[in-house]
Protein chains: 4
Amino acid sequence: MELSMEIELKGHIIDSMILPKVLDTIMDLGGDFEILKLDVGKTKKDESYCRMLVRGDERLFRELEKLGAILPEKDAKTEPAPADGILPDGFYATTHHPTYVRINGEWKRVKDIEMDCVIVIRDNEPVCVRQGLVKRGEPVVTGIDGVRIEAPQRPREKDVFAFMTSEVSAEKPVNSTIKRLAGELKKLKDGGGYIIHVVGTAIAHTGADEALAELIRMGYCQALFTGNGFAVMDVEKQLFGTTLGMDKETGEVYKGGFRNHLVAINEIRKAGSIKNAVEKGVLKGGVLYECVKRKIPFVIGGSLRDDGPLPDTITDVMQAQDEMRKYIREADMCFIWASMLHGIATGNMLPSTVKTVIVDMNPYVVTRLMDRGTAHALGIVSDPAVVLPMLVSELKVLEDNKM
Amino acid sequence: MELSMEIELKGHIIDSMILPKVLDTIMDLGGDFEILKLDVGKTKKDESYCRMLVRGDERLFRELEKLGAILPEKDAKTEPAPADGILPDGFYATTHHPTYVRINGEWKRVKDIEMDCVIVIRDNEPVCVRQGLVKRGEPVVTGIDGVRIEAPQRPREKDVFAFMTSEVSAEKPVNSTIKRLAGELKKLKDGGGYIIHVVGTAIAHTGADEALAELIRMGYCQALFTGNGFAVMDVEKQLFGTTLGMDKETGEVYKGGFRNHLVAINEIRKAGSIKNAVEKGVLKGGVLYECVKRKIPFVIGGSLRDDGPLPDTITDVMQAQDEMRKYIREADMCFIWASMLHGIATGNMLPSTVKTVIVDMNPYVVTRLMDRGTAHALGIVSDPAVVLPMLVSELKVLEDNKM
Amino acid sequence: MELSMEIELKGHIIDSMILPKVLDTIMDLGGDFEILKLDVGKTKKDESYCRMLVRGDERLFRELEKLGAILPEKDAKTEPAPADGILPDGFYATTHHPTYVRINGEWKRVKDIEMDCVIVIRDNEPVCVRQGLVKRGEPVVTGIDGVRIEAPQRPREKDVFAFMTSEVSAEKPVNSTIKRLAGELKKLKDGGGYIIHVVGTAIAHTGADEALAELIRMGYCQALFTGNGFAVMDVEKQLFGTTLGMDKETGEVYKGGFRNHLVAINEIRKAGSIKNAVEKGVLKGGVLYECVKRKIPFVIGGSLRDDGPLPDTITDVMQAQDEMRKYIREADMCFIWASMLHGIATGNMLPSTVKTVIVDMNPYVVTRLMDRGTAHALGIVSDPAVVLPMLVSELKVLEDNKM
Amino acid sequence: MELSMEIELKGHIIDSMILPKVLDTIMDLGGDFEILKLDVGKTKKDESYCRMLVRGDERLFRELEKLGAILPEKDAKTEPAPADGILPDGFYATTHHPTYVRINGEWKRVKDIEMDCVIVIRDNEPVCVRQGLVKRGEPVVTGIDGVRIEAPQRPREKDVFAFMTSEVSAEKPVNSTIKRLAGELKKLKDGGGYIIHVVGTAIAHTGADEALAELIRMGYCQALFTGNGFAVMDVEKQLFGTTLGMDKETGEVYKGGFRNHLVAINEIRKAGSIKNAVEKGVLKGGVLYECVKRKIPFVIGGSLRDDGPLPDTITDVMQAQDEMRKYIREADMCFIWASMLHGIATGNMLPSTVKTVIVDMNPYVVTRLMDRGTAHALGIVSDPAVVLPMLVSELKVLEDNKM
């Protein structure tokens, strides 16, 4: 069905690439346009404005709306979900940008925004939920009317975070970046910010876990996400000084040492939980020990590869996601350290307004996590095992200077 | 506690590296040895024999037993599990090699052997089970007495499968390897073999899914393991010709196309299951369609990254493992196509006697899966997206020649 | 020194990202602008026009000119080179886009354009030469006056080549891309196009050399660039059936086989050259044999890793570059197969108008070669060892259909 | 031609894998053997001895000799080289292990041993030379008689260097490894050791060049090998604070900044050489500046990708190799930092007795360089850009403790 609509664009629409993307999209999706008014800000501080008449199908307007185009003001439409976890056909799929829905003439901000979910109206308020949690009969927003998003605009001030770039490379000044990042982190902590760390097994294997434990002690971690593998190694290291039987000093694989891993699981199972193991004195150090001691919440999300698992591991992946969501909603900054599965899972759930730092040797993981149209992301293609201790050193210098 | 025992080694113990590894292990673990008798096979067909006196701790003898050393004949010891999913402290941790337990003077083969599990005695038979499934009070094998494994010996005839090598490289004759592999596969199918394919999302993105569907039609797949991602893309492709909104012909990312993914999930949810969707005519082609049509079982194991998920996706990872185990016990050969998470999960559960083929562009994944001491493994560092269609072409040539 | 100039932009300056980049650049380099006139094409076929007043330093205007901005019409300035291979300080550094220089009021196209070189005036014509070849006293273009480049514009028709994208990924429909590429290649050959192939050692190791030889026989190769490694393996394979001693069928490393490599070198040294070896019947097949038989020129560029080298290998790298340049000037299309060193070297010398196809398993190499602002480039993150034979199969289908 | 010979093996021939490899090789190459005597060292300190009768072709005995087998004592045979750079057909190809040649009944150690070269007799002494440097008429060692190598034996004491392992992985305790490596390095320096560093461009891009300059000032570098790329960036950084136009602090690509690279080249060309540029005060800091100031020799080996090049760059690759060989002959330890081309070239020329450390994010490069049968190699799959500064920190701690 061919539609024709006047749309508006406002802000730094040229250097934030909004106008070019709008024109591109119209051409790609077989639409037509006529520019009715275009005021380009005459200096770099001035904002620009564009009004144009667009003809195309609904798919095109859905896309323009996602780019931040302002469509004619109407109330949002909804349809009831036909059954639990089943959506009406025309459902609106969310982005991870701040989103507003117009209800009875009033624009309301969508709660808990997250990409690739839907919007339901609960108590007259728009809430973003994943498909599986939609209840039969709930009003689900459909179509394109009455939804507006705030597309990220290129910040006028530059900081260590990039603006929507997927250009990741190892050939970057990583040493000065770590210094600058330490500054941002210190500032955030001083302002009471909420920082999440997502950690993969390499952090344990390489000895970077000691730096992570220190980071927790220093107050730079408000929540921690990891998998069963890292969690077991963290325990195994305390009990045996190994990870999967590999000596933590020499890297030699201690013969038969994989059994250590199974024993570590068994010890925690015997205690009942990691918290209990700390309280009973079974677990006397390590990353999770520091979390328990400092009441930092941690979520251990299960995966198909898991041994055991630990009693704390949430084996149902959807339940694990929902547990992670609780903390994600508080987040100001999120670090992803050598964690592909848990890192991508977290990345999928983060709103575009959370500052995100990804450190991984695999450029694919970094690109994948950067490539989400986020306004504030920093991808470091380097070895998290060495970057993490170096970041802690820099933070200590800053903390010492303060005093 | 210092032990002293006479151990024996038999077979091709020199070129299969068993004797060297035994000596190495004794030295590494601080033991001592005295060679009492050593008969080296005088020609390459003769087997060798070694008897030696070893002194060391229990840990050392555990390890020697894992290398195939024959310890003095005793019955196995067991202890009851103190609670559900909790092991007695001295539990014996399994390898993935064929394993025998001596009960009342009789050596019995362990059922369902799998690495990093334990052995319980059920109805007087030794069975390998994962820790989580051990029931309170069940007798769990402990210590080193009365357990014997068959260490893999270097095959006298060479085939396309390597013997315990972790040397993986892209600089190998992949083109002739595909031809030789087709021959092995044909032979296996003709002999009624059971073949499992584990598939990652790249197979859908790259268009190799069409070759996989053909492979199923040709009878070369008896079970299929995958994740929610691939399964949804397989449906999305039928409904929209896209994967995550990327056009299957041009690779262009169709604007707003990620919604296709969510719609595909919704359609299957509406139908109730993939099988129902096929029966209702909603799903008319693709890999899962072929499975349903040919009654090939498939397991969709959930992961933390999943959207939706599909009703067929098993969201509890331990339950998903157990479902995969059912088919793994039948397997003669297992292909792992571009699947890191599901591939490693499957690899962890495979006995060393199953022929395993791993095709991945990432040498790390190939090494990780090869590096399990398996007698018959073939790691191909190449693009599964092109290797799979090429393998199908070669199989067609062989099938045609037959007629 | 602060300059103030009116500049013009013409063409599809919005969706080709030219206008956004110009504004971006002015801001980044601390300049100011005032839009004097902006006519945006009202439909997607119309071109746009912009005139603006810009204030900034010379560095800024250098950059705008590189983006395709039209500066006020003046004749180009030159300064004599102070010595052989030494440039006047203000030298103009070239892009790889079509470039024009204004001499006595007339715009003349620069011959042999290539990035990161300079322009000298020889016989009143502008010629692009590398720094090392500039002769003392030659007039070298300096400053920004009188130079104009044609920035690549987004093509209105889409083909298999991307427009200036550095987004490379293995998650693309490689199977359909190979088919579409075969079509482009066939069309080019039928039109008398000139195709260069750059080949790395993996092509020999993997058995893809047989497909390459066939491609040459089929007429799809007008020049070939490679290194000493591939060239020696190509000979070694004919003499021994191995590459670096690895059996071409089984991939087993033939004991002591590295000597084969040295013998292959010695045999060609004895014959005097590859051509002589073919004529004397020493070399009876392979890629270089086909080149000699079909009079296809090949350049073997030396590298620091080389054994031998072959008498045909050009050990001086600058001389090797210059030899490659001869053929690059004829090129319509260039394939880079698994060749990092020679591929990047070639990429550096290609004008932006040559269609370029890079096939490599390493996304870094593909990104590096794509990321040159080229209008027609196709990066395939896949295994060249299987893509090359598949491309030949597709070409055969096309050739057969013709008849 | 079938030969029959009694061979001997001595030393730690079992756990150094020498006996197993010998048996393996005989079987692989279709030979036969009969063990005549085998004394296995009864304890881990005792050496073993084996005498066996072997039947097979010359190729087999060539291989056994390379594994360290002692063949019957005969004088070496030689044949004159038929022309400059051309070898007699039966030439003996060298390994990189210590090698002895029997001349007139006396075993003499081969000078300048290096793999894949040949042995000529000059002034009655055996010298290892590359093929291209053999002069017409020089006696070249042929066949297998009278050549003996010292196969590397597994060291009885463990240190940070691995024994002939190609198992490289990022999942190693990199943090403790850096500490242990610092200890080895300190010990070597204190003992007057000779350390070579091979450096790639990533060292400049990432800011690790500052740590390298410090390492030179601290006395831990006796020679430096690099390419034109790094050398130019090292200059560019001093002149402009950029590498290829990328800001050394922020990583932003300074518009038009690639010209900086060309200007850096031009400035050194104007000065005549890097040394002159330091003396004239053009170059005031950086890695090469430190080399000049401390009279540390550096070799800049040219490559096909080079811009410029600098006057110091040796554009003939064989000449560059020979220049590098001069310093390699002095080396006790060699570091390869993020340098694929120059690193592999150096690796090819190193004798197996030089301790080698390779730090690279690409496991392929690390494996390739480790996989040379070297007795003392340490491969670190991590980011050299952060490992290098951390190594310098650890060295400073050690230096400070000394005082």
# chains A, B, ... in the order shown; residues from 1 in each chain; ligands from 1
$ interface_residues --of "chain A" --to "chain C" --cutoff "12 Å" --atoms "only C-alpha atoms" --output "NGL selection string"
:A and (12-46 or 48 or 50 or 52-55 or 154 or 156-158 or 165-171 or 362-365 or 367-368 or 371 or 381)
$ select_by_dssp --residues "range 158-363 of chain C" --states "strand (DSSP E)" --output "list of chain:residue names"
C:Ile195, C:Ile196, C:His197, C:Val198, C:Val199, C:Ala223, C:Leu224, C:Phe225, C:Thr226, C:Gly227, C:Thr242, C:Thr243, C:Met246, C:Asp247, C:Phe298, C:Val299, C:Ile300, C:Gly301, C:Met333, C:Cys334, C:Phe335, C:Ile336, C:Trp337, C:Lys355, C:Thr356, C:Val357, C:Ile358, C:Val359, C:Asp360
$ select_by_dssp --residues "range 286-365 of chain A" --states "helix (DSSP H, G or I)" --output "compact mmCIF listing (two decimals) with N, CA, C and O atoms, in the first residue's frame"
# COMPACT_ATOMS: atom_id res chain seq x y z
N VAL A 287 37.40 -13.58 42.56
CA VAL A 287 36.46 -12.57 42.07
C VAL A 287 35.10 -12.73 42.73
O VAL A 287 34.52 -11.77 43.23
N LEU A 288 34.57 -13.94 42.75
CA LEU A 288 33.23 -14.13 43.31
C LEU A 288 33.24 -13.92 44.83
O LEU A 288 32.27 -13.41 45.39
N TYR A 289 34.33 -14.31 45.46
CA TYR A 289 34.49 -14.04 46.89
C TYR A 289 34.36 -12.54 47.17
O TYR A 289 33.65 -12.12 48.09
N GLU A 290 35.04 -11.74 46.35
CA GLU A 290 34.96 -10.27 46.54
C GLU A 290 33.54 -9.78 46.33
O GLU A 290 33.07 -8.89 47.04
N CYS A 291 32.85 -10.35 45.34
CA CYS A 291 31.45 -9.95 45.10
C CYS A 291 30.60 -10.26 46.33
O CYS A 291 29.82 -9.42 46.78
N VAL A 292 30.75 -11.48 46.86
CA VAL A 292 29.95 -11.86 48.03
C VAL A 292 30.26 -10.92 49.20
O VAL A 292 29.35 -10.38 49.84
N LYS A 293 31.56 -10.71 49.42
CA LYS A 293 31.98 -9.87 50.56
C LYS A 293 31.44 -8.45 50.44
O LYS A 293 31.12 -7.81 51.44
N VAL A 317 18.11 -20.28 29.90
CA VAL A 317 18.73 -19.09 29.30
C VAL A 317 17.81 -17.88 29.32
O VAL A 317 18.27 -16.74 29.43
N MET A 318 16.53 -18.10 29.20
CA MET A 318 15.60 -16.96 29.21
C MET A 318 15.51 -16.36 30.62
O MET A 318 15.49 -15.15 30.79
N GLN A 319 15.50 -17.25 31.60
CA GLN A 319 15.49 -16.81 32.99
C GLN A 319 16.80 -16.05 33.31
O GLN A 319 16.79 -15.02 33.97
N ALA A 320 17.90 -16.54 32.76
CA ALA A 320 19.19 -15.87 32.97
C ALA A 320 19.16 -14.47 32.34
O ALA A 320 19.61 -13.49 32.94
N GLN A 321 18.61 -14.39 31.12
CA GLN A 321 18.48 -13.07 30.48
C GLN A 321 17.70 -12.11 31.38
O GLN A 321 18.09 -10.98 31.60
N ASP A 322 16.56 -12.59 31.87
CA ASP A 322 15.70 -11.71 32.66
C ASP A 322 16.40 -11.26 33.95
O ASP A 322 16.22 -10.13 34.39
N GLU A 323 17.21 -12.16 34.52
CA GLU A 323 17.97 -11.80 35.72
C GLU A 323 18.99 -10.71 35.38
O GLU A 323 19.17 -9.74 36.12
N MET A 324 19.64 -10.85 34.21
CA MET A 324 20.61 -9.84 33.79
C MET A 324 19.92 -8.50 33.52
O MET A 324 20.46 -7.43 33.83
N ARG A 325 18.71 -8.57 32.94
CA ARG A 325 17.99 -7.33 32.63
C ARG A 325 17.81 -6.44 33.87
O ARG A 325 17.83 -5.23 33.77
N LYS A 326 17.59 -7.06 35.02
CA LYS A 326 17.38 -6.28 36.24
C LYS A 326 18.50 -5.29 36.49
O LYS A 326 18.28 -4.16 36.92
N TYR A 327 19.74 -5.73 36.25
CA TYR A 327 20.90 -4.88 36.52
C TYR A 327 21.19 -3.96 35.36
O TYR A 327 21.66 -2.84 35.53
N ILE A 328 20.91 -4.46 34.13
CA ILE A 328 21.16 -3.65 32.94
C ILE A 328 20.39 -2.34 33.02
O ILE A 328 20.85 -1.29 32.56
N LEU A 341 30.02 -15.04 24.20
CA LEU A 341 28.62 -15.42 24.39
C LEU A 341 27.91 -14.47 25.36
O LEU A 341 26.89 -13.87 25.01
N HIS A 342 28.45 -14.30 26.55
CA HIS A 342 27.79 -13.45 27.52
C HIS A 342 27.87 -11.98 27.12
O HIS A 342 26.98 -11.19 27.41
N GLY A 343 28.95 -11.63 26.42
CA GLY A 343 29.12 -10.25 25.96
C GLY A 343 28.09 -9.89 24.91
O GLY A 343 27.45 -8.83 24.99
N ILE A 344 27.89 -10.76 23.92
CA ILE A 344 26.90 -10.46 22.88
C ILE A 344 25.50 -10.49 23.49
O ILE A 344 24.67 -9.63 23.19
N ALA A 345 25.26 -11.43 24.37
CA ALA A 345 23.95 -11.49 25.03
C ALA A 345 23.67 -10.17 25.77
O ALA A 345 22.59 -9.60 25.67
N THR A 346 24.67 -9.68 26.49
CA THR A 346 24.50 -8.41 27.21
C THR A 346 24.32 -7.26 26.23
O THR A 346 23.43 -6.42 26.38
N GLY A 347 25.17 -7.22 25.21
CA GLY A 347 25.10 -6.17 24.20
C GLY A 347 23.70 -6.07 23.60
O GLY A 347 23.17 -4.98 23.39
N ASN A 348 23.09 -7.21 23.34
CA ASN A 348 21.74 -7.21 22.76
C ASN A 348 20.73 -6.53 23.67
O ASN A 348 19.72 -6.02 23.20
N MET A 349 20.98 -6.55 24.95
CA MET A 349 19.99 -6.02 25.89
C MET A 349 20.26 -4.59 26.33
O MET A 349 19.42 -3.97 26.98
N PRO A 363 38.80 -9.33 16.60
CA PRO A 363 38.14 -8.12 16.08
C PRO A 363 36.68 -8.38 15.74
O PRO A 363 35.86 -7.47 15.79
N TYR A 364 36.35 -9.62 15.39
CA TYR A 364 34.97 -9.94 15.05
C TYR A 364 34.03 -9.64 16.23
O TYR A 364 32.97 -9.04 16.06
N VAL A 365 34.44 -10.05 17.43
CA VAL A 365 33.61 -9.82 18.62
C VAL A 365 33.47 -8.32 18.87
O VAL A 365 32.37 -7.82 19.14
$ atom_distance --atom1 "CA of Arg130 in chain A" --atom2 "CA of Glu65 in chain A"
20.7 Å
$ closest_residue --among "B:Met340, B:Cys117, B:Val359, B:Ala69" --to "Thr226 in chain B" --atoms "only C-alpha atoms"
B:Met340
$ residues_around --residues "Phe240 in chain C" --least-positions-apart "6" --cutoff "10 Å" --atoms "only C-alpha atoms" --output "ChimeraX atom specification"
/C:233,246-248,257,260-261,263-264
$ residues_around --residues "Arg269 in chain D" --least-positions-apart "2" --cutoff "10 Å" --atoms "only C-alpha atoms" --output "mmCIF file with C-alpha atoms, in the first residue's frame"
data_model
loop_
_atom_site.group_PDB
_atom_site.id
_atom_site.type_symbol
_atom_site.label_atom_id
_atom_site.label_comp_id
_atom_site.auth_asym_id
_atom_site.auth_seq_id
_atom_site.Cartn_x
_atom_site.Cartn_y
_atom_site.Cartn_z
ATOM 1 C CA ALA C 83 67.526 16.491 -6.056
ATOM 2 C CA ASP C 84 66.794 13.044 -7.444
ATOM 3 C CA GLY C 85 64.112 11.419 -5.285
ATOM 4 C CA ILE C 86 63.670 14.498 -3.132
ATOM 5 C CA LEU C 87 60.501 16.565 -3.197
ATOM 6 C CA GLY C 132 61.892 7.697 -5.765
ATOM 7 C CA VAL D 263 56.855 14.217 4.386
ATOM 8 C CA ALA D 264 58.659 12.099 7.005
ATOM 9 C CA ILE D 265 60.285 10.115 4.223
ATOM 10 C CA ASN D 266 61.212 13.285 2.383
ATOM 11 C CA GLU D 267 62.822 14.810 5.470
ATOM 12 C CA ALA D 271 69.142 14.568 5.496
ATOM 13 C CA GLY D 272 70.647 11.603 3.663
ATOM 14 C CA SER D 273 70.068 8.962 6.329
ATOM 15 C CA ILE D 274 68.519 8.435 9.752
ATOM 16 C CA ASN D 276 72.436 12.145 9.596
ATOM 17 C CA ALA D 277 68.969 13.268 10.578
ATOM 18 C CA GLY D 308 59.520 5.969 -0.297
ATOM 19 C CA PRO D 309 61.598 4.203 0.854
ATOM 20 C CA LEU D 310 63.938 5.709 3.415
ATOM 21 C CA PRO D 311 67.566 5.892 2.301
ATOM 22 C CA ASP D 312 68.407 3.369 5.059
#
$ residues_around --residues "Ile380 in chain D" --least-positions-apart "3" --cutoff "12 Å" --atoms "only C-alpha atoms" --output "VMD selection string"
(chain A and resid 206 251 383 385 to 386) or (chain D and resid 160 to 162 166 to 178 181 335 to 338 356 to 367 369 to 370 377 383 to 384 386 to 388)
$ atom_distance --atom1 "CA of Pro126 in chain B" --atom2 "CA of Lys111 in chain B"
6.4 Å
$ atom_distance --atom1 "CA of Val235 in chain D" --atom2 "CA of Glu2 in chain C"
27.7 Å
$ residues_around --residues "Gly285 in chain A" --least-positions-apart "6" --cutoff "9 Å" --atoms "only C-alpha atoms" --output "MDAnalysis selection string"
chainID A and resid 213 234:235 238 278
$ decode --residues "range 14-76 of chain B" --atoms "C-alpha atoms" --output "tab-separated table (two decimals), in the first residue's frame"
chain	number	residue	atom	x	y	z
B	14	ILE	CA	56.07	-46.56	21.18
B	15	ASP	CA	54.74	-45.00	17.99
B	16	SER	CA	51.37	-44.35	19.64
B	17	MET	CA	53.43	-42.32	22.13
B	18	ILE	CA	52.11	-44.27	25.12
B	19	LEU	CA	55.50	-45.27	26.59
B	20	PRO	CA	57.03	-41.82	26.12
B	21	LYS	CA	53.98	-40.19	27.74
B	22	VAL	CA	54.13	-42.61	30.68
B	23	LEU	CA	57.79	-41.79	31.34
B	24	ASP	CA	57.09	-38.11	30.90
B	25	THR	CA	54.23	-38.21	33.36
B	26	ILE	CA	56.22	-40.04	36.00
B	27	MET	CA	58.94	-37.42	35.78
B	28	ASP	CA	56.50	-34.49	35.75
B	29	LEU	CA	54.63	-35.73	38.78
B	30	GLY	CA	57.72	-36.40	40.83
B	31	GLY	CA	57.61	-40.17	40.65
B	32	ASP	CA	60.33	-42.75	40.03
B	33	PHE	CA	60.47	-45.74	37.78
B	34	GLU	CA	62.51	-48.81	37.06
B	35	ILE	CA	62.03	-50.62	33.76
B	36	LEU	CA	61.71	-54.33	34.57
B	37	LYS	CA	61.11	-55.64	31.07
B	38	LEU	CA	60.85	-53.98	27.68
B	39	ASP	CA	60.20	-55.91	24.49
B	40	VAL	CA	60.03	-53.62	21.51
B	41	GLY	CA	58.22	-55.10	18.54
B	42	LYS	CA	61.01	-55.89	16.12
B	43	THR	CA	59.00	-54.95	13.07
B	44	LYS	CA	56.27	-52.45	12.53
B	45	LYS	CA	53.57	-55.08	12.83
B	46	ASP	CA	54.72	-56.51	16.16
B	47	GLU	CA	53.34	-55.12	19.36
B	48	SER	CA	55.55	-54.08	22.23
B	49	TYR	CA	55.40	-54.82	25.93
B	50	CYS	CA	56.75	-53.01	28.97
B	51	ARG	CA	56.63	-53.78	32.68
B	52	MET	CA	57.94	-51.27	35.16
B	53	LEU	CA	57.94	-50.54	38.84
B	54	VAL	CA	56.59	-47.10	39.61
B	55	ARG	CA	56.65	-45.12	42.83
B	56	GLY	CA	54.54	-42.02	43.30
B	57	ASP	CA	51.31	-40.63	44.74
B	58	GLU	CA	47.76	-41.56	43.83
B	59	ARG	CA	47.50	-38.63	41.46
B	60	LEU	CA	50.33	-40.17	39.42
B	61	PHE	CA	48.66	-43.56	39.18
B	62	ARG	CA	45.34	-41.94	38.22
B	63	GLU	CA	47.17	-40.35	35.34
B	64	LEU	CA	49.03	-43.52	34.24
B	65	GLU	CA	45.75	-45.38	34.22
B	66	LYS	CA	44.32	-42.69	31.92
B	67	LEU	CA	47.22	-43.29	29.54
B	68	GLY	CA	46.28	-46.95	29.26
B	69	ALA	CA	48.67	-48.42	31.84
B	70	ILE	CA	47.48	-51.72	33.28
B	71	LEU	CA	47.58	-51.56	37.05
B	72	PRO	CA	47.42	-54.63	39.27
B	73	GLU	CA	44.05	-56.36	38.95
B	74	LYS	CA	41.67	-55.42	41.72
B	75	ASP	CA	37.94	-54.84	41.93
B	76	ALA	CA	36.75	-51.26	41.67
